[in-house]
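Visitor: Next up is a structure, given as structure tokens.
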Amino acid sequence: MSERKSIVLGVCGGIAAYKSAALCSKLTQLGIDVQIIMTENAARFVSELTFRTLSRRPVITSLWEELGEWKPEHVALSARCGLFAVAPATANFIAKFACGIADDALTTFAATFNGPVLLAPAMNPEMWRHAACVENVEKLRRRGVHFIGPERGHVACGDDGPGRMSEPERILEYSLQLFKTSESL
Ligand SMILES: Cc1cc2nc3c(=O)[nH]c(=O)nc-3n(C[C@H](O)[C@H](O)[C@H](O)COP(=O)(O)O)c2cc1C
């Protein structure tokens, strides 16, 4: 691994994707290398251009992009990544990750990476409380995956309850803590 801290930041298709732009900006301002992987649905909420500009590097949106590495990109990335964070983590991503499904660039990277993982879920409170989501989150916690949030409050669809993505500052703080812990091991 290089001296510089390196994070893969996954962005999924939820309203809170706009908050991840602020997170990406804060990480790069701290001199951390940020590789964004967006799902196709995330690109419906926030432009790839926004993340490309803030991370100062190409965004990965597909498994089939040619980025000049002889190894498949998800394998090469995994070797140089110190932390994998996903914000927002949708119910869909959480379910796929819990089951080991690898059917796009983000879930394939997730299935490859063996280092520390931080998920910042954001969804409708009913989705968060759904038995399927509860089981998936428990399964991932047992595997050592870290969760931050969701916070209680007003969510975009008008409901109140647990579902809001944690603020970028809190996710940043948690990420830095995880970097510190993994460096001291
Ligand atoms: C307007 C809108 C907002 C959405 N917000 C969320 C959300 O906050 N959290 C979530 O889990 N799914 C949300 N969804 C549903 C996801 O976009 C959908 O499950 C999608 O398949 C997720 O794909 P991805 O996980 O590959 O990004 C939303 C859908 C729409 C149309």
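Chain labels follow the order of the structure tokens: the first chain is A, the next B, and so on; residue numbering restarts at 1 in every chain, and ligands are counted from 1 in their shown order.
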Could you list, as a tab-separated table (two decimals) with N, CA and C atoms, in the first residue's frame, all protein and nucleic acid residues with an atom at most 6 Å from ligand 1, counting only C-alpha atoms and all ligand atoms?
Guide:
chain	number	residue	atom	x	y	z
A	12	CYS	N	-24.37	5.02	-4.04
A	12	CYS	CA	-25.53	4.29	-4.56
A	12	CYS	C	-26.68	5.24	-4.90
A	13	GLY	N	-27.71	4.69	-5.48
A	13	GLY	CA	-28.84	5.47	-6.00
A	13	GLY	C	-29.87	5.84	-4.96
A	14	GLY	N	-29.58	6.90	-4.23
A	14	GLY	CA	-30.54	7.46	-3.28
A	14	GLY	C	-30.39	8.96	-3.25
A	15	ILE	N	-31.40	9.62	-2.72
A	15	ILE	CA	-31.38	11.09	-2.67
A	15	ILE	C	-30.12	11.62	-1.98
A	39	THR	N	-22.93	3.50	-8.71
A	39	THR	CA	-23.82	2.56	-9.40
A	39	THR	C	-24.50	3.33	-10.54
A	41	ASN	N	-27.56	3.60	-10.94
A	41	ASN	CA	-28.69	4.36	-10.38
A	41	ASN	C	-28.22	5.62	-9.66
A	42	ALA	N	-27.01	5.60	-9.09
A	42	ALA	CA	-26.48	6.80	-8.43
A	42	ALA	C	-26.37	7.94	-9.44
A	90	THR	N	-27.60	1.94	-0.19
A	90	THR	CA	-29.03	1.66	-0.37
A	90	THR	C	-29.38	0.29	0.23
A	91	ALA	N	-30.67	0.07	0.41
A	91	ALA	CA	-31.15	-1.25	0.86
A	91	ALA	C	-30.71	-2.30	-0.16
A	92	ASN	N	-30.73	-1.92	-1.43
A	92	ASN	CA	-30.35	-2.83	-2.50
A	92	ASN	C	-28.87	-3.23	-2.39
A	93	PHE	N	-27.99	-2.22	-2.19
A	93	PHE	CA	-26.56	-2.52	-2.06
A	93	PHE	C	-26.32	-3.40	-0.83
A	122	ALA	N	-28.87	4.99	3.91
A	122	ALA	CA	-29.89	6.04	3.81
A	122	ALA	C	-31.06	5.43	3.07
A	123	MET	N	-32.22	5.52	3.67
A	123	MET	CA	-33.40	4.95	3.01
A	123	MET	C	-34.65	5.36	3.77
Visitor: With stretch 165-179 of chain A as the partner and 7 Å as the cut-off, tabulate the residues of stretch 30-148 of chain A that qualify, each row holding the nearest pair of atoms and their distance in Å to one decimal, using only C-alpha atoms, sorted by chain and rising number, as JSON lines.
Guide:
{"residue": "A:Gly82", "atom": "CA", "partner": "A:Phe179", "partner_atom": "CA", "distance": 7.0}
{"residue": "A:Leu83", "atom": "CA", "partner": "A:Phe179", "partner_atom": "CA", "distance": 6.9}
{"residue": "A:Pro88", "atom": "CA", "partner": "A:Met165", "partner_atom": "CA", "distance": 6.6}
{"residue": "A:Ala120", "atom": "CA", "partner": "A:Met165", "partner_atom": "CA", "distance": 6.1}
{"residue": "A:Pro121", "atom": "CA", "partner": "A:Met165", "partner_atom": "CA", "distance": 5.9}
{"residue": "A:Ala122", "atom": "CA", "partner": "A:Met165", "partner_atom": "CA", "distance": 4.6}
{"residue": "A:Ile148", "atom": "CA", "partner": "A:Ser166", "partner_atom": "CA", "distance": 6.7}
Visitor: Could the residues in this selection be saved with N, CA and C atoms as a PDB file, in the first residue's frame?
Guide:
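In the end it all went to again_6.pdb:
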ATOM      1  N   GLY A  82      -7.150   1.472   1.345  1.00  0.00           N
ATOM      2  CA  GLY A  82      -7.048   1.301   2.793  1.00  0.00           C
ATOM      3  C   GLY A  82      -8.390   1.234   3.481  1.00  0.00           C
ATOM      4  N   LEU A  83      -9.413   1.770   2.824  1.00  0.00           N
ATOM      5  CA  LEU A  83     -10.757   1.785   3.421  1.00  0.00           C
ATOM      6  C   LEU A  83     -11.788   1.824   2.298  1.00  0.00           C
ATOM      7  N   PRO A  88     -24.377   7.162  -0.116  1.00  0.00           N
ATOM      8  CA  PRO A  88     -25.288   6.384   0.696  1.00  0.00           C
ATOM      9  C   PRO A  88     -25.250   4.904   0.312  1.00  0.00           C
ATOM     10  N   ALA A 120     -22.750   3.808   5.199  1.00  0.00           N
ATOM     11  CA  ALA A 120     -23.626   4.876   5.706  1.00  0.00           C
ATOM     12  C   ALA A 120     -24.978   4.718   5.013  1.00  0.00           C
ATOM     13  N   PRO A 121     -25.872   3.929   5.610  1.00  0.00           N
ATOM     14  CA  PRO A 121     -27.155   3.676   4.951  1.00  0.00           C
ATOM     15  C   PRO A 121     -28.026   4.933   4.916  1.00  0.00           C
ATOM     16  N   ALA A 122     -28.870   4.990   3.908  1.00  0.00           N
ATOM     17  CA  ALA A 122     -29.890   6.040   3.813  1.00  0.00           C
ATOM     18  C   ALA A 122     -31.060   5.430   3.070  1.00  0.00           C
ATOM     19  N   ILE A 148     -22.480   3.507  10.085  1.00  0.00           N
ATOM     20  CA  ILE A 148     -22.711   4.808  10.712  1.00  0.00           C
ATOM     21  C   ILE A 148     -24.106   5.255  10.267  1.00  0.00           C
TER      22      ILE A 148
END
Visitor: I want to know what sits within 12 Å of A:Arg143, based on only C-alpha atoms, with residues of the same chain fewer than 5 positions away left out; could you give that as a JSON list (two decimals) with N, CA and C atoms, in the first residue's frame?
Guide:
[["chain", "number", "residue", "atom", "x", "y", "z"],
["A", 97, "PHE", "N", -24.54, -6.97, -1.01],
["A", 97, "PHE", "CA", -23.26, -7.14, -0.31],
["A", 97, "PHE", "C", -23.38, -8.29, 0.71],
["A", 98, "ALA", "N", -24.51, -8.31, 1.40],
["A", 98, "ALA", "CA", -24.70, -9.36, 2.43],
["A", 98, "ALA", "C", -24.67, -10.75, 1.79],
["A", 99, "CYS", "N", -25.16, -10.84, 0.56],
["A", 99, "CYS", "CA", -25.24, -12.14, -0.11],
["A", 99, "CYS", "C", -24.03, -12.44, -1.00],
["A", 100, "GLY", "N", -23.14, -11.49, -1.14],
["A", 100, "GLY", "CA", -21.98, -11.71, -2.00],
["A", 100, "GLY", "C", -22.30, -11.58, -3.49],
["A", 114, "ASN", "N", -10.96, -7.03, 1.20],
["A", 114, "ASN", "CA", -10.92, -7.69, 2.51],
["A", 114, "ASN", "C", -10.51, -6.78, 3.66],
["A", 115, "GLY", "N", -10.41, -5.47, 3.40],
["A", 115, "GLY", "CA", -10.02, -4.52, 4.45],
["A", 115, "GLY", "C", -11.24, -3.95, 5.16],
["A", 116, "PRO", "N", -11.02, -2.87, 5.92],
["A", 116, "PRO", "CA", -12.13, -2.26, 6.67],
["A", 116, "PRO", "C", -13.21, -1.65, 5.76],
["A", 117, "VAL", "N", -14.46, -1.85, 6.17],
["A", 117, "VAL", "CA", -15.60, -1.37, 5.37],
["A", 117, "VAL", "C", -16.53, -0.56, 6.27],
["A", 118, "LEU", "N", -16.94, 0.60, 5.75],
["A", 118, "LEU", "CA", -17.87, 1.47, 6.47],
["A", 118, "LEU", "C", -19.07, 1.77, 5.58],
["A", 136, "ASN", "N", -30.03, -8.43, 6.81],
["A", 136, "ASN", "CA", -28.82, -8.17, 6.02],
["A", 136, "ASN", "C", -27.80, -7.34, 6.80],
["A", 137, "VAL", "N", -28.32, -6.35, 7.54],
["A", 137, "VAL", "CA", -27.42, -5.50, 8.34],
["A", 137, "VAL", "C", -26.77, -6.34, 9.44],
["A", 138, "GLU", "N", -27.57, -7.19, 10.10],
["A", 138, "GLU", "CA", -27.00, -8.05, 11.16],
["A", 138, "GLU", "C", -25.91, -8.95, 10.59]]
Visitor: Could you give me the residues within chain A that DSSP places in strand (DSSP E or B), as an MDAnalysis selection string?
Guide: chainID A and resid 6:11 33:38 60 83:89 117:121 146:147 151:154 160:164
Visitor: Take the selection from the previous step and output its residues with N, CA and C atoms, as an mmCIF file, in the first residue's frame.
Guide:
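New file again-v7.cif:
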data_model
loop_
_atom_site.group_PDB
_atom_site.id
_atom_site.type_symbol
_atom_site.label_atom_id
_atom_site.label_comp_id
_atom_site.auth_asym_id
_atom_site.auth_seq_id
_atom_site.Cartn_x
_atom_site.Cartn_y
_atom_site.Cartn_z
ATOM 1 N N SER A 6 -5.749 5.912 1.061
ATOM 2 C CA SER A 6 -6.529 5.702 -0.152
ATOM 3 C C SER A 6 -7.886 5.097 0.208
ATOM 4 N N ILE A 7 -8.927 5.714 -0.293
ATOM 5 C CA ILE A 7 -10.280 5.229 0.018
ATOM 6 C C ILE A 7 -11.045 4.974 -1.277
ATOM 7 N N VAL A 8 -11.782 3.898 -1.313
ATOM 8 C CA VAL A 8 -12.762 3.711 -2.382
ATOM 9 C C VAL A 8 -14.098 4.122 -1.792
ATOM 10 N N LEU A 9 -14.728 5.127 -2.416
ATOM 11 C CA LEU A 9 -16.018 5.620 -1.930
ATOM 12 C C LEU A 9 -17.103 5.210 -2.918
ATOM 13 N N GLY A 10 -17.956 4.311 -2.464
ATOM 14 C CA GLY A 10 -19.072 3.856 -3.296
ATOM 15 C C GLY A 10 -20.260 4.782 -3.109
ATOM 16 N N VAL A 11 -20.943 5.081 -4.211
ATOM 17 C CA VAL A 11 -22.125 5.942 -4.146
ATOM 18 C C VAL A 11 -23.286 5.197 -4.800
ATOM 19 N N ASP A 33 -6.402 9.935 -1.263
ATOM 20 C CA ASP A 33 -6.779 9.538 -2.628
ATOM 21 C C ASP A 33 -8.180 8.944 -2.590
ATOM 22 N N VAL A 34 -9.067 9.503 -3.385
ATOM 23 C CA VAL A 34 -10.452 9.018 -3.392
ATOM 24 C C VAL A 34 -10.779 8.430 -4.764
ATOM 25 N N GLN A 35 -11.127 7.168 -4.787
ATOM 26 C CA GLN A 35 -11.623 6.558 -6.019
ATOM 27 C C GLN A 35 -13.128 6.347 -5.841
ATOM 28 N N ILE A 36 -13.879 7.032 -6.688
ATOM 29 C CA ILE A 36 -15.341 6.897 -6.614
ATOM 30 C C ILE A 36 -15.803 5.745 -7.503
ATOM 31 N N ILE A 37 -16.675 4.916 -6.958
ATOM 32 C CA ILE A 37 -17.397 3.938 -7.785
ATOM 33 C C ILE A 37 -18.885 4.241 -7.611
ATOM 34 N N MET A 38 -19.531 4.598 -8.708
ATOM 35 C CA MET A 38 -20.965 4.907 -8.649
ATOM 36 C C MET A 38 -21.753 3.777 -9.262
ATOM 37 N N ILE A 60 -15.453 5.376 -11.587
ATOM 38 C CA ILE A 60 -15.780 4.055 -12.147
ATOM 39 C C ILE A 60 -17.293 3.869 -12.074
ATOM 40 N N LEU A 83 -9.413 1.770 2.824
ATOM 41 C CA LEU A 83 -10.757 1.785 3.421
ATOM 42 C C LEU A 83 -11.788 1.824 2.298
ATOM 43 N N PHE A 84 -12.833 1.033 2.484
ATOM 44 C CA PHE A 84 -13.949 1.038 1.534
ATOM 45 C C PHE A 84 -15.161 1.593 2.270
ATOM 46 N N ALA A 85 -15.678 2.722 1.778
ATOM 47 C CA ALA A 85 -16.877 3.307 2.384
ATOM 48 C C ALA A 85 -17.961 3.413 1.321
ATOM 49 N N VAL A 86 -19.194 3.233 1.732
ATOM 50 C CA VAL A 86 -20.305 3.400 0.797
ATOM 51 C C VAL A 86 -21.302 4.372 1.416
ATOM 52 N N ALA A 87 -21.553 5.480 0.714
ATOM 53 C CA ALA A 87 -22.437 6.520 1.215
ATOM 54 C C ALA A 87 -23.105 7.227 0.033
ATOM 55 N N PRO A 88 -24.377 7.162 -0.116
ATOM 56 C CA PRO A 88 -25.288 6.384 0.696
ATOM 57 C C PRO A 88 -25.250 4.904 0.312
ATOM 58 N N ALA A 89 -25.471 4.055 1.311
ATOM 59 C CA ALA A 89 -25.629 2.627 1.037
ATOM 60 C C ALA A 89 -27.139 2.353 0.969
ATOM 61 N N VAL A 117 -14.462 -1.851 6.168
ATOM 62 C CA VAL A 117 -15.601 -1.372 5.368
ATOM 63 C C VAL A 117 -16.527 -0.558 6.268
ATOM 64 N N LEU A 118 -16.938 0.597 5.750
ATOM 65 C CA LEU A 118 -17.865 1.474 6.471
ATOM 66 C C LEU A 118 -19.071 1.768 5.576
ATOM 67 N N LEU A 119 -20.254 1.468 6.080
ATOM 68 C CA LEU A 119 -21.463 1.759 5.304
ATOM 69 C C LEU A 119 -22.273 2.854 6.003
ATOM 70 N N ALA A 120 -22.750 3.808 5.199
ATOM 71 C CA ALA A 120 -23.626 4.876 5.706
ATOM 72 C C ALA A 120 -24.978 4.718 5.013
ATOM 73 N N PRO A 121 -25.872 3.929 5.610
ATOM 74 C CA PRO A 121 -27.155 3.676 4.951
ATOM 75 C C PRO A 121 -28.026 4.933 4.916
ATOM 76 N N HIS A 146 -18.573 -2.010 9.451
ATOM 77 C CA HIS A 146 -18.970 -0.897 10.320
ATOM 78 C C HIS A 146 -20.149 -0.154 9.698
ATOM 79 N N PHE A 147 -21.048 0.303 10.561
ATOM 80 C CA PHE A 147 -22.188 1.110 10.100
ATOM 81 C C PHE A 147 -22.166 2.443 10.823
ATOM 82 N N GLU A 151 -29.491 8.182 10.679
ATOM 83 C CA GLU A 151 -29.968 9.048 11.760
ATOM 84 C C GLU A 151 -31.490 9.144 11.686
ATOM 85 N N ARG A 152 -32.079 9.438 12.845
ATOM 86 C CA ARG A 152 -33.530 9.663 12.906
ATOM 87 C C ARG A 152 -33.825 11.078 12.408
ATOM 88 N N GLY A 153 -34.987 11.260 11.837
ATOM 89 C CA GLY A 153 -35.377 12.614 11.441
ATOM 90 C C GLY A 153 -36.248 12.571 10.214
ATOM 91 N N HIS A 154 -36.324 13.690 9.552
ATOM 92 C CA HIS A 154 -37.174 13.841 8.380
ATOM 93 C C HIS A 154 -36.434 13.277 7.166
ATOM 94 N N ASP A 160 -40.935 10.422 8.818
ATOM 95 C CA ASP A 160 -40.002 10.658 9.918
ATOM 96 C C ASP A 160 -39.573 9.322 10.490
ATOM 97 N N GLY A 161 -38.292 9.231 10.908
ATOM 98 C CA GLY A 161 -37.821 7.967 11.492
ATOM 99 C C GLY A 161 -36.374 7.750 11.141
ATOM 100 N N PRO A 162 -35.844 6.550 11.424
ATOM 101 C CA PRO A 162 -34.438 6.290 11.085
ATOM 102 C C PRO A 162 -34.300 6.082 9.580
ATOM 103 N N GLY A 163 -33.468 6.856 8.939
ATOM 104 C CA GLY A 163 -33.335 6.728 7.488
ATOM 105 C C GLY A 163 -32.414 7.763 6.868
ATOM 106 N N ARG A 164 -32.174 8.845 7.609
ATOM 107 C CA ARG A 164 -31.313 9.903 7.046
ATOM 108 C C ARG A 164 -29.846 9.486 7.057
#
Visitor: Among chain A, which residues carry a DSSP assignment of alpha helix (DSSP H), reported as an MDAnalysis selection string?
Guide: chainID A and resid 17:29 48:55 73:80 91:99 105:112 125:129 131:142 168:184
Visitor: So how many Å separate atom CA of A:Arg4 and atom CA of A:Phe113, to one decimal?
Guide: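 Going from atom CA of A:Arg4 over to atom CA of A:Phe113 covers 18.3 Å.
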Visitor: Pick out the residues sitting within 6 Å of A:Ile32, and hand them over as a ChimeraX atom specification; count only C-alpha atoms, and ignore anything fewer than 2 positions along from it in its own chain.
Guide: /A:5-6,27-28,30
Visitor: Just give me the gap between atom CA of A:Thr53 and atom CA of A:Ala17 in Å, one decimal is fine.
Guide: 15.4 Å
Visitor: Just to confirm, what's the straight-line distance from atom CA of A:Ala132 to atom CA of A:Gly144 in Å (one decimal)?
Guide: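 That distance, rounded to one decimal, is 18.8 Å.
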Visitor: Determine, counting only C-alpha atoms, which protein, DNA and RNA residues have an atom within 9 Å of an atom of A:Phe109; residues of the same chain fewer than 2 positions away are not included. Present the result as a PDB file with C-alpha atoms, in the first residue's frame.
Guide:
ATOM      1  CA  ILE A  37     -17.397   3.938  -7.785  1.00  0.00           C
ATOM      2  CA  GLU A  73      -9.700  -2.691 -12.098  1.00  0.00           C
ATOM      3  CA  HIS A  74     -11.560  -4.044  -9.074  1.00  0.00           C
ATOM      4  CA  VAL A  75      -8.628  -6.365  -8.259  1.00  0.00           C
ATOM      5  CA  LEU A  77      -7.963  -1.197  -6.670  1.00  0.00           C
ATOM      6  CA  SER A  78      -8.472  -3.640  -3.857  1.00  0.00           C
ATOM      7  CA  ALA A 102     -21.276  -9.090  -7.632  1.00  0.00           C
ATOM      8  CA  ASP A 104     -21.837  -4.302 -11.141  1.00  0.00           C
ATOM      9  CA  ALA A 105     -18.606  -2.377 -10.498  1.00  0.00           C
ATOM     10  CA  LEU A 106     -19.492  -1.487  -6.901  1.00  0.00           C
ATOM     11  CA  THR A 107     -20.679  -4.889  -5.719  1.00  0.00           C
ATOM     12  CA  ALA A 111     -16.790  -8.836  -3.131  1.00  0.00           C
ATOM     13  CA  THR A 112     -13.051  -8.443  -3.746  1.00  0.00           C
ATOM     14  CA  PHE A 113     -12.022  -6.225  -0.838  1.00  0.00           C
TER      15      PHE A 113
END
Visitor: Determine, for each residue of stretch 45-101 of chain A having at least one atom at most 7 Å from an atom of stretch 19-25 of chain A, the closest pair of atoms and their separation in Å to one decimal, counting only C-alpha atoms; order by chain and ascending number, as JSON lines.
Guide:
{"residue": "A:Phe51", "atom": "CA", "partner": "A:Ala21", "partner_atom": "CA", "distance": 6.3}
{"residue": "A:Leu54", "atom": "CA", "partner": "A:Ser25", "partner_atom": "CA", "distance": 5.4}
{"residue": "A:Ser55", "atom": "CA", "partner": "A:Cys24", "partner_atom": "CA", "distance": 6.4}
{"residue": "A:Ala87", "atom": "CA", "partner": "A:Ser20", "partner_atom": "CA", "distance": 6.2}
Visitor: For the residues in that selection, give me N, CA and C atoms as a PDB file, in the first residue's frame.
Guide:
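And here is the file that came out, result.pdb:
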ATOM      1  N   PHE A  51     -18.424  14.142  -9.273  1.00  0.00           N
ATOM      2  CA  PHE A  51     -17.473  13.322  -8.511  1.00  0.00           C
ATOM      3  C   PHE A  51     -16.100  13.288  -9.189  1.00  0.00           C
ATOM      4  N   LEU A  54     -14.457  16.563  -8.155  1.00  0.00           N
ATOM      5  CA  LEU A  54     -14.098  16.646  -6.728  1.00  0.00           C
ATOM      6  C   LEU A  54     -13.018  15.637  -6.335  1.00  0.00           C
ATOM      7  N   SER A  55     -13.021  14.468  -7.003  1.00  0.00           N
ATOM      8  CA  SER A  55     -12.015  13.451  -6.635  1.00  0.00           C
ATOM      9  C   SER A  55     -10.755  13.595  -7.482  1.00  0.00           C
ATOM     10  N   ALA A  87     -21.553   5.480   0.714  1.00  0.00           N
ATOM     11  CA  ALA A  87     -22.437   6.520   1.215  1.00  0.00           C
ATOM     12  C   ALA A  87     -23.105   7.227   0.033  1.00  0.00           C
TER      13      ALA A  87
END
